[in-house]
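Colleague: If you scroll down you'll find the structure; I have some questions about it.
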Amino acid sequence: MLFFAYAIVRTAYYSFTDFDLFKAPSFVGMSNYTALVSDELFLLALRNTIGFSLIVTTTQTVLALGLAVLVNHAVRARGLIRTVFYLPSIMSSAAMTLIFLWLFQRNGFMTAIASVVLAYRQHILLFLVGMAALQGALVLNARRSYEGISIFDPFFLLVAAVGALALAASCALAGLLSVFDNNLLISWLNTQRHFLFMPVTLWSVALMNVFTTVPTLMLLFLAGLQSIPSSLYDAAEVDGANAFQRFRHITVPALRPVTFAVVTMGVIGTLQMFDQVAILGDAAPLASRVTLAYYVYENAFPAGASSRIGLASAAALVLGILTIAAVYVQKSVGVKEKGE
Amino acid sequence: MLFRPGALVAATMLFGLPASAEEIVRISGWGGSEVAIVNGLLTNVLAEKLAEEGIRVKYEPVDGDYSQFIINGLSAGTAPDLFYVDTFWARSVFSAGQAAPVTNDVSGFAANLLTAFTYDGKLYSTPKDFNTLAIHFNKDIFDDAGVGYPSDDDTWTTLQEKLVAVNKSLPEVDGLCVVPEYARFGAFALSTGWSPFDARGKTVLDKRFRRAFDFYTGLVKSGAAVMAADAGHSWTGGCLASERAAVAIEGAWILSALRDSAPNMNLGTVRMPKDPESSKRGNIVFSVGWTVNAASKVSKAAAKVAELLTTEEAQQWVLEQGLALPSRTSLNDNPWLRGGQPEQIASRVVLEGLSDDHVMPYFFGDVGGSWMQPINAALNSVILGEEDANTALLSAQSAFDRMLAK
């Protein structure tokens with residue numbers, strides 16, 4: 001608490017000064033804050049940070065919860081499954097970023113996947129349609145004899161997949177399907193293009209971030225799930241509640257404290273996202289990857305120029321206030337600290 | 001217990017210890033191949049002289065962001081007594097009063113390097129070495145493609161024709177890997193006579209700049225080059241070393257990289273091509289100097305170490321190792337530089353780059369590295385085909401107008 005208070009007070013003081021780390025700080029009033037508001041890069045960083053935080057926090061929370069439910073339901077090899085899902089989070093973010101840099105090259109792995117999907121789009125479409133049709137037919141047929149067959153029955157899914165694969169392969173061999181030529185070069189990182197409200201580069205970083213954070217958050221949800229008494233689910237089942245109703249009315253309310261922790265950690269982590277964009281470096285244009293935390297660093301240690309500690313401190317305070325506000329808002333819109 | 005001076009003298013004589021204490025000078029530079037250079041200098045060349053001066057050097061190489069390490073150290077009072085300063089960020093150290101002016105005789109150093117380290121009329125760094133850009137090429141690739149080697153007489157156009165011809169003859173090899181960075185493109189822009197800052201201190205992307213911009217961004221479209229990132233590399237030297245490209249535009253630092261990754265390459269080096277209109281060559285100088293920490297308690301000893309590290313003898317040794325280019329003009333006629341080995345030729349060409357027609361240091365005043373961002377962004381978006389040159393340069397010009405209006 002002492003260190004935190006000291007840092008906050010000192011940062012607040014510097015935010016009202018002109019300071020380059022060497023000369024004595026000189027009081028400049030609110031001019032660092034007015035400079036921030038008129039700095040296009042700051043406004044861009046603010047927009048990028050908020051967009052990134054919204055996307056990543058939402059996605060990682062939903063995915064972590066879904067994955068935890070899946071792992072919790074696994075009957076066999078639960079330990080192994082949990083370990084496999086957890087593996088991505090034990091790698092350092094620097095190492096993961098370098099791996100992703102390689103995957104996201106214009107002619108890298110991600111582009112290769114997109115290229116294959118585009119080239120074989122007819123095959124893929126036929127496989128999906130064939131599988132859905134076969135699954136539907138198998139389930140309808142089974143329901144004539146037995147009740148309670150799920151539309152996602154795993155055995156029928158397997159049979160439908162094999163049947164659809166055979167259908168697509170037969171059509172391809174018969175020359176009924178075309179393979180489309182493409183010479184794709186997709187810029188995932190090194191681009192100034194935008195998709196919706198965020199640069200494409202940050203969407204790619206978001207994917208990377210979700211991949212590395214979901215496993216840890218999944219473990220938190222998993223611990224929460226295992227603390228819910230099974231008698232609640234048994235009673236609900238006796239009362240005729242289906243799986244979704246049990247999830248909606250038992251799992252979600254009981255997990256509220258965990259969800260609060262997960263969302264809070266997500267909001268704080270994403271608003272202060274720095275390392276992955278810093279490692280990207282010149283592999284992506286600054287405007288496409290700048291976040292508030294990186295903006296602070298860029299002003300504290302600008303390449304080839306004197307430090308602008310006053311401006312960096314003002315931006316750091318804005319980031320701090322934004323983080324506290326975001327946590328408060330998420331708490332007040334329904335994610336509670338206490339379970340029901 | 002009583003202190004007995006006689007006992008100390010006797011002990012000193014008995015155990016051979018020096019009567020006066022050594023001065024310890026902490027020095028720092030970046031890691032990588034520099035560690036071998038500095039360690040080699042300290043142990044092979046300067047050991048005796050340092051002992052004579054009663055100086056012990058404690059060398060602390062830094063991997064990672066070196067400038068940040070130094071700025072942090074200076075602000076916290078923990079910086080080494082003697083350290084590297086790059087022309088790129090020298091001003092932030094000099095203007096903050098963190099460097100002690102150079103006290104030794106610097107008359108033997110190249111004048112334009114001294115200018116790069118002069119601030120407010122005072123010299124603050126002893127130039128350690130320098131680099132300029134040159135065209136390095138793989139002779140075997142040109143032989144296989146049946147294309148004539150790049151030459152000192154090449155213009156942008158003739159070099160481009162050769163690169164396209166290589167790619168046509170050997171489709172798996174690209175002529176050059178381009179990077180969307182001023183650090184390489186700048187040499188072409190400068191050769192037109194364009195200057196990063198005009199007389200009013202403004203950056204104007206005029207017709208001369210546009211001509212160089214169109215040439216550089218057109219290299220990929222014409223089949224002369226590929227984006228380095230698309231070839232899986234981050235610099236042009238990586239493409240040359242892996243034989244993905246026939247040519248690289250780099251300084252003499254490429255030699256140590258090639259020594260490790262492509263030791264058998266049949267390397268050739270020529271000067272940067274001329275602008276076909278102005279018939280002039282442009283180049284960028286990258287330089288580093290030894291700087292004494294103004295707050296050092298052993299500043300005299302640190303200045304002495306800087307002097308020893310940049311003596312003719314020391315620079316001769318560094319040069320003959322093929323590690324760096326000397327900043328002393330007396331070594332320009334060194335017999336080693338007249339040799340016919342690829343490393344000797346490359347070093348000679350890089351040295352000659354210092355006297356090209358339009359040479360500028362890799363330095364952008366108070367703006368620092370941010371100055372390059374609008375140009376880098378424009379190069380990137382046009383090479384990727386995301387914007388046309390008109391739109392990209394219009395945005396870049398607006399960015400400069402905003403940046404330099406502050």
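Order determines the names: the first chain of the structure tokens is A, the second B, and so forth; residues in each chain are numbered 1 upward, and ligands are numbered 1 upward as they are shown.
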Give me the residues of chain B that have any atom at most 7 Å from an atom of chain A; for each, the nearest atom pair and the distance in Å, rounded to one decimal. Use only C-alpha atoms, sort by chain and number, and format it as a tab-separated table.

Modeller:
```
residue	atom	partner	partner_atom	distance
B:Gln68	CA	A:Phe301	CA	6.6
B:Ser75	CA	A:Leu21	CA	5.8
B:Phe88	CA	A:Gly304	CA	5.3
B:Trp89	CA	A:Gly304	CA	3.7
B:Ser92	CA	A:Ser306	CA	4.7
B:Ala96	CA	A:Phe22	CA	6.0
B:Asp230	CA	A:Arg106	CA	5.9
B:Asp366	CA	A:Ala305	CA	5.7
B:Val367	CA	A:Ala305	CA	6.0
B:Gly368	CA	A:Gly304	CA	4.1
B:Gly369	CA	A:Ala303	CA	5.0
B:Ala377	CA	A:Pro285	CA	6.3
```

Colleague: Could you turn the residues from that selection into a file that holds C-alpha atoms, as a CSV table (one decimal), in the first residue's frame?

Modeller:
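Generated output (again01.csv):
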```csv
chain,number,residue,atom,x,y,z
B,68,GLN,CA,16.8,2.9,-22.1
B,75,SER,CA,18.7,9.4,-14.1
B,88,PHE,CA,20.4,8.7,-33.0
B,89,TRP,CA,19.8,9.5,-29.3
B,92,SER,CA,18.9,13.5,-25.3
B,96,ALA,CA,20.4,16.9,-20.3
B,230,ASP,CA,7.1,-11.9,-46.8
B,366,ASP,CA,14.6,16.9,-31.0
B,367,VAL,CA,11.9,14.9,-32.6
B,368,GLY,CA,13.9,11.7,-32.4
B,369,GLY,CA,12.8,8.4,-34.0
B,377,ALA,CA,3.8,4.1,-42.6
```

Colleague: As a list of chain:residue names, please: the residues near Leu54 in chain A (cut-off 9 Å, only C-alpha atoms, same-chain neighbours under 5 positions excluded).

Modeller: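 Close residues of Leu54 in chain A: A:Thr49, A:Thr59, A:Val267, A:Thr270.
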
Colleague: Take CA of Ser227 in chain A and CA of Val84 in chain A and report the distance between them in Å, one decimal.

Modeller: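 Interatomic distance here is 22.2 Å.
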
Colleague: Looking only at the backbone, which of the residues in range 21-187 of chain A does DSSP tag as alpha helix (DSSP H), as a PyMOL selection string?

Modeller: chain A and resi 31-38+40-73+78-86+93-103+109-119+121-143+154-173

Colleague: Which neighbours of Val69 in chain A fall inside 9 Å, counting only C-alpha atoms, when residues of the same chain fewer than 5 positions from it are skipped, and could you give them as a short mmCIF file (atom, residue, chain, number, x, y, z; two decimals) with N, CA, C and O atoms, in the first residue's frame?

Modeller:
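As a result, out.cif now contains:
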```
data_model
loop_
_atom_site.label_atom_id
_atom_site.label_comp_id
_atom_site.auth_asym_id
_atom_site.auth_seq_id
_atom_site.Cartn_x
_atom_site.Cartn_y
_atom_site.Cartn_z
N ALA A 64 -13.58 -19.24 -21.42
CA ALA A 64 -13.07 -19.90 -20.22
C ALA A 64 -14.20 -20.64 -19.50
O ALA A 64 -14.02 -21.78 -19.05
N ALA A 74 -16.15 -33.83 -18.41
CA ALA A 74 -15.36 -34.95 -18.92
C ALA A 74 -15.27 -36.02 -17.86
O ALA A 74 -14.90 -35.76 -16.71
N MET A 218 -9.91 -20.49 -17.12
CA MET A 218 -10.67 -21.74 -17.10
C MET A 218 -10.47 -22.47 -15.77
O MET A 218 -11.43 -23.01 -15.19
N PHE A 221 -12.68 -20.93 -13.14
CA PHE A 221 -14.08 -21.36 -13.28
C PHE A 221 -14.24 -22.82 -12.85
O PHE A 221 -15.24 -23.19 -12.24
N LEU A 222 -13.24 -23.63 -13.21
CA LEU A 222 -13.31 -25.05 -12.88
C LEU A 222 -13.37 -25.25 -11.36
O LEU A 222 -14.16 -26.05 -10.86
N LEU A 225 -16.81 -24.33 -10.31
CA LEU A 225 -17.81 -25.34 -10.70
C LEU A 225 -17.79 -26.52 -9.73
O LEU A 225 -18.83 -27.08 -9.38
#
```

Colleague: Smallest atom-to-atom distance to Val164 in chain B: which of B:Gly218, B:Pro180, B:Gly238, B:Gly365, using only C-alpha atoms?

Modeller: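 The closest residue to Val164 in chain B is B:Gly218.
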
Colleague: Record the distance separating CA of Gly66 in chain A and CA of Ala112 in chain A, expressed in Å with one decimal.

Modeller: 28.3 Å

Colleague: Provide the CA of Val117 in chain A to CA of Val179 in chain A distance in Å, to one decimal place.

Modeller: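 CA of Val179 in chain A lies at a distance of 10.1 Å from CA of Val117 in chain A.
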
Colleague: I'd like the contact shell of Ser169 in chain B - 12 Å cut-off, only C-alpha atoms, skipping same-chain residues fewer than 2 positions apart - returned as a PyMOL selection string.

Modeller: chain B and resi 141-147+162-167+171-175+223-224+246

Colleague: Deliver the residues from the most recent selection as a file, using N, CA, C and O atoms, as a compact mmCIF listing (two decimals), in the first residue's frame.

Modeller:
```txt
# COMPACT_ATOMS: atom_id res chain seq x y z
N ILE B 141 24.91 -16.11 -57.22
CA ILE B 141 23.53 -15.99 -57.72
C ILE B 141 23.55 -15.25 -59.06
O ILE B 141 22.88 -15.66 -60.02
N PHE B 142 24.31 -14.18 -59.14
CA PHE B 142 24.38 -13.42 -60.40
C PHE B 142 25.00 -14.28 -61.50
O PHE B 142 24.56 -14.24 -62.66
N ASP B 143 26.01 -15.09 -61.14
CA ASP B 143 26.63 -15.98 -62.14
C ASP B 143 25.61 -17.00 -62.64
O ASP B 143 25.47 -17.23 -63.84
N ASP B 144 24.87 -17.61 -61.69
CA ASP B 144 23.87 -18.62 -62.07
C ASP B 144 22.79 -18.02 -62.94
O ASP B 144 22.25 -18.68 -63.84
N ALA B 145 22.44 -16.77 -62.66
CA ALA B 145 21.36 -16.12 -63.42
C ALA B 145 21.88 -15.55 -64.74
O ALA B 145 21.08 -15.15 -65.60
N GLY B 146 23.19 -15.53 -64.90
CA GLY B 146 23.77 -14.97 -66.13
C GLY B 146 23.56 -13.46 -66.22
O GLY B 146 23.39 -12.91 -67.32
N VAL B 147 23.57 -12.83 -65.07
CA VAL B 147 23.34 -11.38 -65.02
C VAL B 147 24.62 -10.71 -64.51
O VAL B 147 25.29 -11.25 -63.63
N LYS B 162 18.93 -5.20 -63.23
CA LYS B 162 19.69 -6.41 -62.87
C LYS B 162 18.91 -7.28 -61.89
O LYS B 162 18.91 -8.51 -62.00
N LEU B 163 18.24 -6.62 -60.93
CA LEU B 163 17.48 -7.39 -59.93
C LEU B 163 16.29 -8.11 -60.57
O LEU B 163 16.01 -9.27 -60.25
N VAL B 164 15.63 -7.42 -61.50
CA VAL B 164 14.51 -8.06 -62.20
C VAL B 164 15.03 -9.24 -63.02
O VAL B 164 14.42 -10.32 -63.04
N ALA B 165 16.18 -9.05 -63.67
CA ALA B 165 16.74 -10.12 -64.52
C ALA B 165 17.09 -11.35 -63.69
O ALA B 165 16.88 -12.48 -64.11
N VAL B 166 17.60 -11.13 -62.47
CA VAL B 166 17.93 -12.25 -61.59
C VAL B 166 16.67 -13.05 -61.27
O VAL B 166 16.63 -14.27 -61.37
N ASN B 167 15.61 -12.32 -60.91
CA ASN B 167 14.36 -12.98 -60.53
C ASN B 167 13.73 -13.71 -61.72
O ASN B 167 13.13 -14.77 -61.56
N PRO B 171 13.53 -17.85 -60.59
CA PRO B 171 12.29 -17.39 -59.93
C PRO B 171 12.25 -17.61 -58.42
O PRO B 171 11.53 -16.93 -57.71
N GLU B 172 13.05 -18.57 -57.93
CA GLU B 172 13.01 -18.83 -56.48
C GLU B 172 13.86 -17.81 -55.71
O GLU B 172 13.84 -17.79 -54.48
N VAL B 173 14.61 -16.99 -56.44
CA VAL B 173 15.44 -15.97 -55.79
C VAL B 173 14.90 -14.58 -56.13
O VAL B 173 14.61 -14.30 -57.29
N ASP B 174 14.77 -13.75 -55.12
CA ASP B 174 14.37 -12.36 -55.37
C ASP B 174 15.61 -11.48 -55.48
O ASP B 174 16.67 -11.82 -54.94
N GLY B 175 15.45 -10.39 -56.18
CA GLY B 175 16.59 -9.50 -56.34
C GLY B 175 17.02 -8.92 -55.00
O GLY B 175 18.18 -8.98 -54.62
N GLY B 223 9.04 -6.61 -59.77
CA GLY B 223 9.64 -7.95 -59.67
C GLY B 223 11.10 -7.90 -59.24
O GLY B 223 11.79 -8.92 -59.24
N ALA B 224 11.56 -6.69 -58.88
CA ALA B 224 12.97 -6.57 -58.46
C ALA B 224 13.15 -6.94 -57.00
O ALA B 224 14.27 -7.23 -56.58
N ALA B 246 19.35 -11.80 -53.84
CA ALA B 246 20.69 -11.69 -54.41
C ALA B 246 21.46 -10.51 -53.82
O ALA B 246 22.69 -10.49 -53.86
```
